[in-house]
file input-v7.cif (mmCIF, C-alpha atoms)
data_my_file
loop_
_atom_site.label_atom_id
_atom_site.label_comp_id
_atom_site.auth_asym_id
_atom_site.auth_seq_id
_atom_site.Cartn_x
_atom_site.Cartn_y
_atom_site.Cartn_z
CA MET Y 101 57.28 -68.26 -19.18
CA PRO Y 102 56.90 -65.89 -22.15
CA ARG Y 103 55.28 -62.60 -21.26
CA ASP Y 104 51.78 -62.16 -22.55
CA PRO Y 105 51.70 -58.65 -24.03
CA LYS Y 106 48.08 -58.24 -22.91
CA MET Y 107 49.00 -58.84 -19.24
CA ILE Y 108 50.34 -56.25 -16.82
CA SER Y 109 52.99 -56.72 -14.16
CA ILE Y 110 52.31 -55.94 -10.50
CA ASP Y 111 54.15 -56.44 -7.24
CA PHE Y 112 51.89 -58.27 -4.76
CA ASN Y 113 53.20 -58.85 -1.22
CA GLY Y 114 56.75 -58.74 -2.49
CA MET Y 115 56.24 -61.09 -5.47
CA LYS Y 116 55.91 -60.19 -9.14
CA TYR Y 117 52.71 -61.32 -10.84
CA GLN Y 118 51.22 -60.95 -14.33
CA VAL Y 119 47.53 -60.10 -14.24
CA GLU Y 120 44.83 -59.02 -16.66
CA PRO Y 121 44.66 -55.24 -17.13
CA ASP Y 122 41.96 -53.54 -15.05
CA THR Y 123 41.59 -56.45 -12.63
CA PRO Y 124 39.59 -55.26 -9.60
CA LEU Y 125 41.53 -55.50 -6.36
CA SER Y 126 38.73 -57.59 -4.83
CA LYS Y 127 39.22 -60.20 -7.56
CA LEU Y 128 42.89 -60.48 -6.67
CA LEU Y 129 42.03 -60.99 -2.99
CA GLU Y 130 39.58 -63.73 -3.95
CA ALA Y 131 42.16 -65.41 -6.16
CA PHE Y 132 44.55 -65.56 -3.20
CA LYS Y 133 41.72 -66.62 -0.83
CA PHE Y 134 42.39 -63.64 1.44
CA SER Y 135 39.69 -62.63 3.89
CA LYS Y 136 38.48 -59.12 3.08
CA ARG Y 137 37.12 -58.83 6.62
CA PHE Y 138 40.48 -59.32 8.32
CA CYS Y 139 42.83 -57.49 5.95
CA ALA Y 140 44.11 -54.05 5.06
CA VAL Y 141 45.40 -53.13 1.61
CA GLU Y 142 48.04 -50.63 0.59
CA ILE Y 143 48.56 -49.57 -3.01
CA ASN Y 144 51.91 -47.83 -3.54
CA GLU Y 145 52.12 -47.15 0.22
CA GLU Y 146 48.65 -45.54 0.40
CA ILE Y 147 45.89 -47.39 2.25
CA LEU Y 148 42.99 -48.38 0.00
CA PRO Y 149 39.67 -48.06 1.88
CA LYS Y 150 37.67 -51.28 2.01
CA ASN Y 151 34.77 -49.71 0.09
CA GLN Y 152 37.08 -49.29 -2.91
CA TYR Y 153 38.19 -52.93 -3.21
CA ASP Y 154 35.61 -53.61 -5.92
CA THR Y 155 36.21 -50.42 -7.86
CA TYR Y 156 40.00 -50.12 -7.75
CA LEU Y 157 41.46 -51.55 -10.95
CA VAL Y 158 45.10 -52.56 -10.71
CA LYS Y 159 47.57 -50.59 -12.82
CA PRO Y 160 50.90 -51.65 -14.31
CA GLY Y 161 53.67 -51.47 -11.71
CA ASP Y 162 51.31 -51.23 -8.73
CA LYS Y 163 52.99 -52.22 -5.51
CA ILE Y 164 50.29 -53.91 -3.46
CA GLU Y 165 50.58 -55.00 0.16
CA VAL Y 166 47.86 -57.01 1.88
CA VAL Y 167 48.27 -57.43 5.63
CA THR Y 168 46.35 -59.07 8.44
CA LEU Y 169 46.76 -59.46 12.19
CA VAL Y 170 48.85 -62.35 13.47
CA GLY Y 171 50.07 -63.48 16.87
CA GLY Y 172 52.51 -61.04 18.44
CA GLY Y 173 53.64 -59.51 21.69
CA MET O 61 38.88 -67.96 35.74
CA ASN O 62 36.98 -66.59 32.80
CA THR O 63 35.47 -69.11 30.50
CA GLY O 64 34.12 -66.93 27.76
CA SER O 65 31.24 -64.58 27.55
CA PRO O 66 27.79 -66.14 27.28
CA ASN O 67 26.35 -62.71 26.51
CA ASN O 68 28.20 -62.03 23.29
CA THR O 69 26.39 -59.78 20.92
CA ASN O 70 27.34 -58.44 17.56
CA SER O 71 28.66 -55.25 19.04
CA PRO O 72 31.38 -55.41 21.66
CA ASN O 73 30.30 -54.30 25.09
CA HIS O 74 33.38 -54.56 27.19
CA THR O 75 31.92 -52.66 30.10
CA ASP O 76 29.15 -55.16 30.67
CA SER O 77 31.06 -58.33 29.94
CA PRO O 78 31.15 -60.93 32.72
CA THR O 79 34.92 -60.55 32.77
CA ASN O 80 34.56 -56.96 33.85
CA THR O 81 31.86 -57.40 36.45
CA ASP O 82 33.78 -60.28 38.04
CA SER O 83 36.81 -58.11 38.47
CA PRO O 84 36.97 -55.69 41.44
CA SER O 85 37.74 -52.15 40.35
CA VAL O 86 41.19 -52.13 41.95
CA HIS O 87 42.21 -54.87 39.55
CA ARG O 88 40.97 -53.13 36.42
CA LEU O 89 43.17 -50.99 34.22
CA SER O 90 41.96 -47.75 32.66
CA VAL O 91 43.94 -46.65 29.67
CA ALA O 92 43.11 -44.48 26.68
CA GLY O 93 39.47 -44.16 27.71
CA ILE O 94 38.85 -47.89 28.05
CA THR O 95 38.62 -49.86 31.26
CA LEU O 96 40.09 -53.34 30.96
CA ALA O 97 39.02 -56.25 33.15
CA SER O 98 42.55 -56.96 34.27
CA ARG O 99 45.83 -55.16 34.74
CA VAL O 100 47.50 -57.80 32.59
CA ILE O 101 47.80 -57.40 28.82
CA VAL O 102 48.97 -60.53 27.06
CA GLY O 103 50.63 -61.21 23.73
CA THR O 104 49.38 -63.75 21.22
CA GLY O 105 52.73 -64.76 19.70
CA LYS O 106 54.92 -67.86 20.06
CA TYR O 107 52.19 -70.35 21.05
CA ASP O 108 52.50 -73.87 19.67
CA THR O 109 48.82 -73.94 18.71
CA LEU O 110 45.93 -71.49 18.55
CA GLU O 111 44.05 -73.66 21.08
CA LEU O 112 46.89 -73.36 23.59
CA MET O 113 46.87 -69.60 23.04
CA ARG O 114 43.11 -69.40 23.55
CA ASP O 115 43.24 -71.43 26.78
CA SER O 116 46.18 -69.37 28.07
CA LEU O 117 44.35 -66.11 27.37
CA ASP O 118 41.39 -67.49 29.30
CA ALA O 119 43.55 -68.44 32.27
CA SER O 120 45.28 -65.04 32.35
CA GLY O 121 42.01 -63.23 33.13
CA SER O 122 42.99 -60.55 30.62
CA ASN O 123 40.62 -59.09 28.05
CA CYS O 124 43.24 -57.20 26.08
CA VAL O 125 45.73 -58.83 23.72
CA THR O 126 48.50 -57.57 21.49
CA VAL O 127 48.65 -58.60 17.84
CA ALA O 128 51.13 -57.98 15.03
CA VAL O 129 50.55 -56.69 11.49
CA ARG O 130 52.03 -58.95 8.83
CA ARG O 131 51.62 -59.82 5.17
CA GLU O 132 48.52 -61.90 4.60
CA LYS O 133 49.06 -65.62 4.29
CA LEU O 134 47.68 -68.65 6.03
CA TYR O 135 49.57 -68.79 9.31
CA ASP O 136 47.84 -71.68 11.04
CA ARG O 137 48.49 -75.18 9.68
CA ASP O 138 44.75 -75.57 9.25
CA GLY O 139 44.56 -72.29 7.36
CA ARG O 140 42.84 -70.35 10.14
CA ASN O 141 43.27 -66.67 10.79
CA LEU O 142 44.20 -65.65 14.35
CA LEU O 143 41.08 -63.48 14.46
CA GLU O 144 38.88 -66.53 14.05
CA THR O 145 40.22 -67.90 17.35
CA ILE O 146 40.03 -64.72 19.44
CA ASP O 147 36.56 -63.69 20.63
CA LEU O 148 36.39 -60.15 19.26
CA ASN O 149 33.41 -59.35 21.49
CA ARG O 150 35.49 -60.06 24.54
CA PHE O 151 39.04 -58.98 23.75
CA THR O 152 40.28 -55.50 23.00
CA LEU O 153 42.96 -55.90 20.34
CA LEU O 154 46.10 -53.83 20.67
CA PRO O 155 48.01 -53.92 17.36
CA ASN O 156 51.76 -53.46 17.67
CA THR O 157 54.46 -52.11 15.39
CA ALA O 158 56.86 -54.92 16.25
CA GLY O 159 59.62 -55.35 13.71
CA CYS O 160 59.81 -51.65 12.81
CA TYR O 161 63.23 -49.99 12.96
CA ASN O 162 62.31 -46.46 11.89
CA ALA O 163 59.50 -43.99 12.50
CA LYS O 164 58.16 -44.10 8.94
CA ASP O 165 57.65 -47.86 9.01
CA ALA O 166 56.08 -47.72 12.46
CA VAL O 167 53.55 -45.08 11.37
CA ARG O 168 52.75 -47.08 8.24
CA VAL O 169 52.23 -50.32 10.17
CA ALA O 170 50.11 -48.57 12.82
CA ARG O 171 47.82 -47.19 10.11
CA MET O 172 47.45 -50.62 8.53
CA GLY O 173 46.54 -52.09 11.92
CA ARG O 174 43.92 -49.41 12.43
CA GLU O 175 42.51 -50.05 8.97
CA ILE O 176 42.01 -53.74 9.79
CA LEU O 177 40.42 -53.06 13.17
CA LYS O 178 38.09 -50.20 12.34
CA ASP O 179 35.61 -52.40 10.47
CA LEU O 180 35.71 -55.05 13.21
CA ASN O 181 34.07 -52.65 15.65
CA ASN O 182 36.82 -53.27 18.21
CA PRO O 183 37.50 -50.70 20.94
CA GLY O 184 41.22 -50.88 20.22
CA ALA O 185 40.82 -49.63 16.67
CA ASN O 186 42.76 -46.43 17.25
CA TRP O 187 45.16 -47.96 19.72
CA VAL O 188 48.69 -48.87 18.89
CA LYS O 189 51.46 -50.44 20.90
CA LEU O 190 54.28 -48.41 19.42
CA GLU O 191 57.65 -50.04 19.33
CA VAL O 192 60.48 -48.73 17.19
CA LEU O 193 63.52 -50.86 17.67
CA GLY O 194 67.15 -49.88 17.37
CA ASP O 195 68.93 -53.18 17.18
CA THR O 196 68.02 -56.74 16.20
CA LYS O 197 70.14 -58.36 18.91
CA THR O 198 68.84 -56.48 21.97
CA LEU O 199 65.47 -55.37 20.55
CA LEU O 200 65.98 -52.27 22.65
CA PRO O 201 63.97 -49.25 21.49
CA ASP O 202 65.45 -46.48 19.36
CA PRO O 203 64.52 -43.52 21.58
CA ILE O 204 64.78 -40.82 18.90
CA ALA O 205 62.74 -42.74 16.32
CA THR O 206 60.23 -43.76 19.01
CA LEU O 207 59.61 -40.14 19.99
CA GLU O 208 59.29 -39.10 16.34
CA ALA O 209 56.77 -41.87 15.61
CA CYS O 210 54.86 -41.15 18.82
CA GLU O 211 54.41 -37.48 17.86
CA LYS O 212 53.21 -38.41 14.36
CA LEU O 213 50.75 -41.02 15.59
CA VAL O 214 49.31 -38.79 18.29
CA ALA O 215 48.80 -36.10 15.63
CA ASP O 216 47.03 -38.71 13.50
CA GLY O 217 44.53 -39.48 16.28
CA PHE O 218 46.08 -42.63 17.69
CA GLN O 219 46.06 -43.62 21.35
CA VAL O 220 49.72 -44.51 21.62
CA LEU O 221 50.80 -47.06 24.21
CA CYS O 222 54.50 -46.55 23.89
CA TYR O 223 57.20 -49.15 24.51
CA THR O 224 60.39 -47.55 25.77
CA SER O 225 63.46 -48.31 27.84
CA ASP O 226 63.46 -47.78 31.61
CA CYS O 227 64.98 -44.30 31.20
CA PRO O 228 62.95 -41.76 33.24
CA ILE O 229 63.90 -38.85 30.97
CA MET O 230 62.70 -40.67 27.85
CA ALA O 231 59.51 -41.75 29.63
CA SER O 232 58.80 -38.11 30.51
CA ARG O 233 59.41 -37.01 26.93
CA LEU O 234 57.00 -39.61 25.58
CA LYS O 235 54.28 -38.63 28.04
CA ALA O 236 54.79 -34.98 27.06
CA ALA O 237 54.46 -36.03 23.39
CA GLY O 238 50.96 -37.31 24.16
CA ALA O 239 51.43 -41.05 24.70
CA ALA O 240 48.28 -42.51 26.29
CA SER O 241 50.53 -44.81 28.30
CA VAL O 242 54.27 -45.09 28.67
CA MET O 243 55.43 -48.71 28.76
CA PRO O 244 58.96 -49.09 30.08
CA ALA O 245 60.74 -52.41 29.61
CA GLY O 246 61.66 -54.40 32.69
CA SER O 247 64.45 -56.02 30.66
CA PRO O 248 64.91 -56.89 26.95
CA ILE O 249 61.94 -58.38 25.08
CA GLY O 250 61.63 -62.14 25.57
CA SER O 251 64.71 -62.26 27.83
CA GLY O 252 62.86 -63.39 30.96
CA GLN O 253 65.29 -61.38 33.10
CA GLY O 254 62.54 -59.67 35.08
CA ILE O 255 62.91 -56.13 36.42
CA LEU O 256 66.58 -55.23 36.05
CA ASN O 257 66.36 -51.68 37.34
CA PRO O 258 63.52 -51.24 39.82
CA ASN O 259 64.99 -47.89 40.87
CA ASN O 260 64.46 -46.47 37.37
CA LEU O 261 60.90 -47.78 37.35
CA LYS O 262 60.28 -46.06 40.68
CA ILE O 263 61.60 -42.78 39.26
CA ILE O 264 59.45 -43.17 36.12
CA LEU O 265 56.38 -43.75 38.27
CA GLU O 266 57.21 -40.74 40.42
CA TYR O 267 57.85 -38.44 37.44
CA LEU O 268 54.85 -39.49 35.35
CA LYS O 269 52.36 -39.59 38.20
CA SER O 270 53.46 -36.63 40.33
CA ASP O 271 50.82 -34.26 38.94
CA ASP O 272 48.73 -36.93 37.22
CA PRO O 273 48.28 -39.90 39.60
CA HIS O 274 46.04 -41.87 37.24
CA TYR O 275 48.44 -41.72 34.29
CA PRO O 276 48.87 -45.38 33.30
CA VAL O 277 52.38 -46.82 33.35
CA ILE O 278 52.54 -50.35 32.02
CA VAL O 279 55.68 -52.44 32.33
CA ASP O 280 56.22 -54.12 28.99
CA ALA O 281 58.79 -56.80 28.29
CA GLY O 282 61.22 -58.90 30.23
CA VAL O 283 58.86 -60.72 32.58
CA GLY O 284 60.11 -64.25 33.29
CA THR O 285 57.72 -65.57 35.90
CA ALA O 286 54.95 -64.66 38.34
CA SER O 287 57.15 -62.98 40.96
CA ASP O 288 58.33 -60.47 38.34
CA VAL O 289 54.69 -59.50 37.80
CA SER O 290 54.10 -59.09 41.53
CA GLN O 291 57.19 -56.89 41.72
CA VAL O 292 55.90 -54.69 38.88
CA PHE O 293 52.72 -54.02 40.79
CA GLU O 294 54.37 -53.69 44.20
CA LEU O 295 56.44 -50.87 42.69
CA GLY O 296 53.19 -49.10 41.79
CA ALA O 297 52.89 -49.75 38.06
CA ASP O 298 49.35 -49.81 36.64
CA GLY O 299 49.74 -52.71 34.29
CA VAL O 300 52.01 -55.34 32.83
CA LEU O 301 52.31 -56.58 29.27
CA LEU O 302 53.89 -59.95 28.60
CA ASN O 303 53.98 -62.72 26.05
CA THR O 304 56.97 -65.06 26.16
CA ALA O 305 56.78 -65.80 29.90
CA ILE O 306 53.43 -67.46 29.26
CA ALA O 307 53.79 -68.80 25.73
CA HIS O 308 57.16 -70.46 26.37
CA ALA O 309 56.48 -71.74 29.87
CA ARG O 310 56.45 -75.54 30.13
CA ASN O 311 52.74 -75.25 30.91
CA PRO O 312 51.49 -71.97 29.42
CA VAL O 313 47.94 -72.25 30.81
CA LEU O 314 49.22 -72.78 34.36
CA MET O 315 51.70 -69.94 34.02
CA ALA O 316 48.93 -67.66 32.72
CA SER O 317 46.93 -68.47 35.86
CA ALA O 318 50.00 -67.77 38.03
CA ILE O 319 50.52 -64.42 36.30
CA ARG O 320 46.89 -63.51 36.91
CA HIS O 321 47.21 -64.23 40.63
CA ALA O 322 50.60 -62.50 40.83
CA ALA O 323 49.10 -59.32 39.39
CA ILE O 324 46.29 -59.37 41.94
CA ALA O 325 48.73 -60.11 44.78
CA GLY O 326 51.15 -57.39 43.72
CA ARG O 327 48.50 -54.73 43.31
CA GLU O 328 46.90 -55.54 46.66
CA ALA O 329 50.32 -55.47 48.34
CA PHE O 330 51.00 -52.05 46.78
CA LEU O 331 47.64 -50.71 47.97
CA ALA O 332 48.15 -52.25 51.41
CA GLY O 333 51.55 -50.58 51.74
CA ARG O 334 54.68 -52.54 52.50
CA ILE O 335 56.56 -52.02 55.74
CA PRO O 336 59.90 -50.24 55.51
CA LYS O 337 63.01 -52.40 55.35
CA ARG O 338 65.03 -52.27 58.57
CA LEU O 339 68.53 -53.47 59.28
CA TYR O 340 67.61 -55.13 62.59
CA ALA O 341 64.79 -57.37 63.74
CA THR O 342 61.63 -56.26 65.52
CA ALA O 343 59.98 -58.96 67.61
CA SER O 344 56.42 -59.91 66.73
CA SER O 345 55.66 -61.36 70.20
CA PRO O 346 55.35 -59.08 73.24
CA GLU O 347 58.42 -58.16 75.23
CA GLU O 348 56.34 -58.04 78.42
CA GLY O 349 55.54 -61.14 80.47
CA LEU O 350 58.53 -63.17 79.31
CA ILE O 351 59.35 -66.07 81.66
CA THR O 352 62.78 -66.52 80.04
CA SER O 353 66.01 -64.56 80.47
CA ARG O 354 67.92 -62.70 77.73
CA PRO O 355 71.42 -63.71 76.69
CA TYR O 356 72.81 -60.20 77.45
#

call {"tool": "encode", "arguments": {"input": "input-v7.cif", "output": "structure tokens"}}
result
Amino acid sequence: MPRDPKMISIDFNGMKYQVEPDTPLSKLLEAFKFSKRFCAVEINEEILPKNQYDTYLVKPGDKIEVVTLVGGG
Amino acid sequence: MNTGSPNNTNSPNHTDSPTNTDSPSVHRLSVAGITLASRVIVGTGKYDTLELMRDSLDASGSNCVTVAVRREKLYDRDGRNLLETIDLNRFTLLPNTAGCYNAKDAVRVARMGREILKDLNNPGANWVKLEVLGDTKTLLPDPIATLEACEKLVADGFQVLCYTSDCPIMASRLKAAGAASVMPAGSPIGSGQGILNPNNLKIILEYLKSDDPHYPVIVDAGVGTASDVSQVFELGADGVLLNTAIAHARNPVLMASAIRHAAIAGREAFLAGRIPKRLYATASSPEEGLITSRPY
């Protein structure tokens, strides 16, 4: 797929994605159908507080991890 | 058997839950400022279905469960999140750092777990079951990395429930580092080998409780069946944490019930005080008034 020069590249849960510049983090979560209530988000290994999901705009090269709780011992 | 709390409210009230009031105080476990309804903490991994997990948790009598932190995706075939199945008003969640092989990763995962829990108003929000592993084959803990991570997490305000080997020296070091509970393994995780070195567990209990009798020691890992749980409590441990013994039993719900009873039996036996072992027999019926003769 040819790269759209207007798009930026991010790393999201270990996968590369092209997204619109200045996409709010909350919009990304919605696109992936992730529950904001049950997740935690790290941007470049720093936790992003939940009250900043709407205001944080993704930047080129951001390494984003979204985790939840799963069954474990 | 607990069948769910009819009194659920929006804010968890673990002290007043029916689970707690049904449980006599000798069978409750106090750790990190929270009193749990049962001395059994159960894992939520390895179940075939979320329904089987939910029913097994019910049968265990526990109101504290471990959970793991993983990348978000839809884990259940119906697209459900684990947290939609577990009654958050009833269960204290204990997030683990399973799968971490160095202190940095363990601290990072613990912080992510706390971040998820703090908005869910769960009492376990600043709890972590710390495990830093040294080897993928044995899943035995890396003692040096475990101590390093424990120190960092305690400094960061965590209540650290710390998985460790059955080494008494390491257990003492972790308690000194501020662990809210030291959790020695009975045998390797998921091995079902039971308590391989009861003597070490006895020494750990003696060392950690000598000047601090209420310090909670929870045996974590290796349980295979109910008698292992009874043994844990007969030795004087405060709690047991298990997952595979229930989840992989042929009938997990029945095994969860057996584990619940084994914990009660073991604790009561410990409190009652076992008789010393003797080489020779002592008759239970009176020696006096015998109408029979002895062979010698």

call {"tool": "closest_atom_pairs", "arguments": {"input": "input-v7.cif", "of": "chain O", "to": "chain Y", "cutoff": "6 Å", "atoms": "only C-alpha atoms", "output": "tab-separated table"}}
result
residue	atom	partner	partner_atom	distance
O:Gly103	CA	Y:Gly173	CA	4.0
O:Thr104	CA	Y:Gly171	CA	4.4
O:Gly105	CA	Y:Gly172	CA	3.9
O:Thr126	CA	Y:Gly173	CA	5.5
O:Val127	CA	Y:Gly172	CA	4.6
O:Ala128	CA	Y:Gly172	CA	4.8
O:Val129	CA	Y:Leu169	CA	4.7
O:Arg130	CA	Y:Val167	CA	5.2
O:Arg131	CA	Y:Val167	CA	4.1
O:Glu132	CA	Y:Val167	CA	4.6
O:Leu142	CA	Y:Val170	CA	5.8
O:Met172	CA	Y:Ala140	CA	5.9
O:Glu175	CA	Y:Ala140	CA	5.8
O:Ile176	CA	Y:Ala140	CA	5.2
O:Asn303	CA	Y:Gly173	CA	5.4

call {"tool": "axis_aligned_box", "arguments": {"input": "input-v7.cif", "around": "region 109-121 of chain O", "padding_each_side": "6 Å", "output": "AutoDock Vina command-line options"}}
result
--center_x 45.1 --center_y -68.6 --center_z 25.8 --size_x 19.4 --size_y 22.7 --size_z 26.6

call {"tool": "residues_around", "arguments": {"input": "input-v7.cif", "residues": "region 91-97 of chain O", "least_positions_apart": "2", "cutoff": "10 Å", "atoms": "only C-alpha atoms", "output": "mmCIF file with C-alpha atoms, in the coordinates of the input"}}
result
data_model
loop_
_atom_site.group_PDB
_atom_site.id
_atom_site.type_symbol
_atom_site.label_atom_id
_atom_site.label_comp_id
_atom_site.auth_asym_id
_atom_site.auth_seq_id
_atom_site.Cartn_x
_atom_site.Cartn_y
_atom_site.Cartn_z
ATOM 1 C CA HIS O 74 33.380 -54.560 27.190
ATOM 2 C CA THR O 75 31.920 -52.660 30.100
ATOM 3 C CA SER O 77 31.060 -58.330 29.940
ATOM 4 C CA PRO O 78 31.150 -60.930 32.720
ATOM 5 C CA THR O 79 34.920 -60.550 32.770
ATOM 6 C CA ASN O 80 34.560 -56.960 33.850
ATOM 7 C CA THR O 81 31.860 -57.400 36.450
ATOM 8 C CA ASP O 82 33.780 -60.280 38.040
ATOM 9 C CA SER O 83 36.810 -58.110 38.470
ATOM 10 C CA PRO O 84 36.970 -55.690 41.440
ATOM 11 C CA SER O 85 37.740 -52.150 40.350
ATOM 12 C CA VAL O 86 41.190 -52.130 41.950
ATOM 13 C CA HIS O 87 42.210 -54.870 39.550
ATOM 14 C CA ARG O 88 40.970 -53.130 36.420
ATOM 15 C CA LEU O 89 43.170 -50.990 34.220
ATOM 16 C CA ARG O 99 45.830 -55.160 34.740
ATOM 17 C CA VAL O 100 47.500 -57.800 32.590
ATOM 18 C CA ILE O 101 47.800 -57.400 28.820
ATOM 19 C CA GLY O 121 42.010 -63.230 33.130
ATOM 20 C CA SER O 122 42.990 -60.550 30.620
ATOM 21 C CA ASN O 123 40.620 -59.090 28.050
ATOM 22 C CA CYS O 124 43.240 -57.200 26.080
ATOM 23 C CA PHE O 151 39.040 -58.980 23.750
ATOM 24 C CA THR O 152 40.280 -55.500 23.000
ATOM 25 C CA PRO O 183 37.500 -50.700 20.940
ATOM 26 C CA GLY O 184 41.220 -50.880 20.220
ATOM 27 C CA ASN O 186 42.760 -46.430 17.250
ATOM 28 C CA TRP O 187 45.160 -47.960 19.720
ATOM 29 C CA PHE O 218 46.080 -42.630 17.690
ATOM 30 C CA GLN O 219 46.060 -43.620 21.350
ATOM 31 C CA VAL O 220 49.720 -44.510 21.620
ATOM 32 C CA LEU O 221 50.800 -47.060 24.210
ATOM 33 C CA ALA O 239 51.430 -41.050 24.700
ATOM 34 C CA ALA O 240 48.280 -42.510 26.290
ATOM 35 C CA SER O 241 50.530 -44.810 28.300
ATOM 36 C CA HIS O 274 46.040 -41.870 37.240
ATOM 37 C CA TYR O 275 48.440 -41.720 34.290
ATOM 38 C CA PRO O 276 48.870 -45.380 33.300
ATOM 39 C CA VAL O 277 52.380 -46.820 33.350
ATOM 40 C CA ILE O 278 52.540 -50.350 32.020
ATOM 41 C CA ASP O 298 49.350 -49.810 36.640
ATOM 42 C CA GLY O 299 49.740 -52.710 34.290
#

call {"tool": "residues_near_point", "arguments": {"input": "input-v7.cif", "point": "(55.3, -46.9, 17.8)", "cutoff": "8 Å", "atoms": "all atoms listed in the file", "output": "VMD selection string"}}
result
chain O and resid 156 to 157 163 166 to 167 170 188 to 192 206 209 to 210 213 220 to 223

call {"tool": "resolve_selection", "arguments": {"input": "input-v7.cif", "expression": "the PyMOL selection byres ((chain Y and resi 157) around 7)", "output": "count of residues only"}}
result
8

call {"tool": "resolve_selection", "arguments": {"input": "input-v7.cif", "expression": "the PyMOL selection byres ((chain Y and resi 109) around 12)", "output": "PDB file with C-alpha atoms, keeping the file's coordinate frame"}}
result
ATOM      1  CA  ARG Y 103      55.280 -62.600 -21.260  1.00  0.00           C
ATOM      2  CA  ASP Y 104      51.780 -62.160 -22.550  1.00  0.00           C
ATOM      3  CA  PRO Y 105      51.700 -58.650 -24.030  1.00  0.00           C
ATOM      4  CA  LYS Y 106      48.080 -58.240 -22.910  1.00  0.00           C
ATOM      5  CA  MET Y 107      49.000 -58.840 -19.240  1.00  0.00           C
ATOM      6  CA  ILE Y 108      50.340 -56.250 -16.820  1.00  0.00           C
ATOM      7  CA  ILE Y 110      52.310 -55.940 -10.500  1.00  0.00           C
ATOM      8  CA  ASP Y 111      54.150 -56.440  -7.240  1.00  0.00           C
ATOM      9  CA  PHE Y 112      51.890 -58.270  -4.760  1.00  0.00           C
ATOM     10  CA  MET Y 115      56.240 -61.090  -5.470  1.00  0.00           C
ATOM     11  CA  LYS Y 116      55.910 -60.190  -9.140  1.00  0.00           C
ATOM     12  CA  TYR Y 117      52.710 -61.320 -10.840  1.00  0.00           C
ATOM     13  CA  GLN Y 118      51.220 -60.950 -14.330  1.00  0.00           C
ATOM     14  CA  VAL Y 119      47.530 -60.100 -14.240  1.00  0.00           C
ATOM     15  CA  GLU Y 120      44.830 -59.020 -16.660  1.00  0.00           C
ATOM     16  CA  PRO Y 121      44.660 -55.240 -17.130  1.00  0.00           C
ATOM     17  CA  ASP Y 122      41.960 -53.540 -15.050  1.00  0.00           C
ATOM     18  CA  THR Y 123      41.590 -56.450 -12.630  1.00  0.00           C
ATOM     19  CA  VAL Y 158      45.100 -52.560 -10.710  1.00  0.00           C
ATOM     20  CA  LYS Y 159      47.570 -50.590 -12.820  1.00  0.00           C
ATOM     21  CA  PRO Y 160      50.900 -51.650 -14.310  1.00  0.00           C
ATOM     22  CA  GLY Y 161      53.670 -51.470 -11.710  1.00  0.00           C
ATOM     23  CA  ASP Y 162      51.310 -51.230  -8.730  1.00  0.00           C
ATOM     24  CA  LYS Y 163      52.990 -52.220  -5.510  1.00  0.00           C
ATOM     25  CA  ILE Y 164      50.290 -53.910  -3.460  1.00  0.00           C
TER      26      ILE Y 164
END

call {"tool": "atom_distance", "arguments": {"input": "input-v7.cif", "atom1": "CA of Leu268 (chain O)", "atom2": "CA of Pro203 (chain O)"}}
result
17.3 Å

call {"tool": "resolve_selection", "arguments": {"input": "input-v7.cif", "expression": "the PyMOL selection byres ((chain O and resi 198) around 10)", "output": "CSV table (one decimal) with C-alpha atoms, in the coordinates of the input"}}
result
chain,number,residue,atom,x,y,z
O,193,LEU,CA,63.5,-50.9,17.7
O,194,GLY,CA,67.2,-49.9,17.4
O,195,ASP,CA,68.9,-53.2,17.2
O,196,THR,CA,68.0,-56.7,16.2
O,197,LYS,CA,70.1,-58.4,18.9
O,199,LEU,CA,65.5,-55.4,20.6
O,200,LEU,CA,66.0,-52.3,22.6
O,201,PRO,CA,64.0,-49.2,21.5
O,247,SER,CA,64.4,-56.0,30.7
O,248,PRO,CA,64.9,-56.9,27.0
O,249,ILE,CA,61.9,-58.4,25.1
O,250,GLY,CA,61.6,-62.1,25.6
O,251,SER,CA,64.7,-62.3,27.8

call {"tool": "atom_distance", "arguments": {"input": "input-v7.cif", "atom1": "CA of Gly282 (chain O)", "atom2": "CA of Ala245 (chain O)"}}
result
6.5 Å

call {"tool": "residues_around", "arguments": {"input": "input-v7.cif", "residues": "Cys227 (chain O)", "least_positions_apart": "4", "cutoff": "12 Å", "atoms": "all atoms listed in the file", "output": "list in words"}}
result
Leu200, Pro201, Pro203, Tyr223, Ala231, Ser232, Arg233, Leu234, Val242, Met243, Pro244, Ala245, Gly246, Ser247, Asn257, Pro258, Asn259, Asn260, Leu261, Lys262, Ile263, Ile264, Leu265, Tyr267 and Leu268 of chain O

call {"tool": "atom_distance", "arguments": {"input": "input-v7.cif", "atom1": "CA of Leu117 (chain O)", "atom2": "CA of Ala325 (chain O)"}}
result
18.9 Å

call {"tool": "closest_residue", "arguments": {"input": "input-v7.cif", "among": "O:Arg140, O:Arg168, O:Arg310, O:Arg150", "to": "Asn144 (chain Y)", "atoms": "all atoms listed in the file"}}
result
O:Arg168
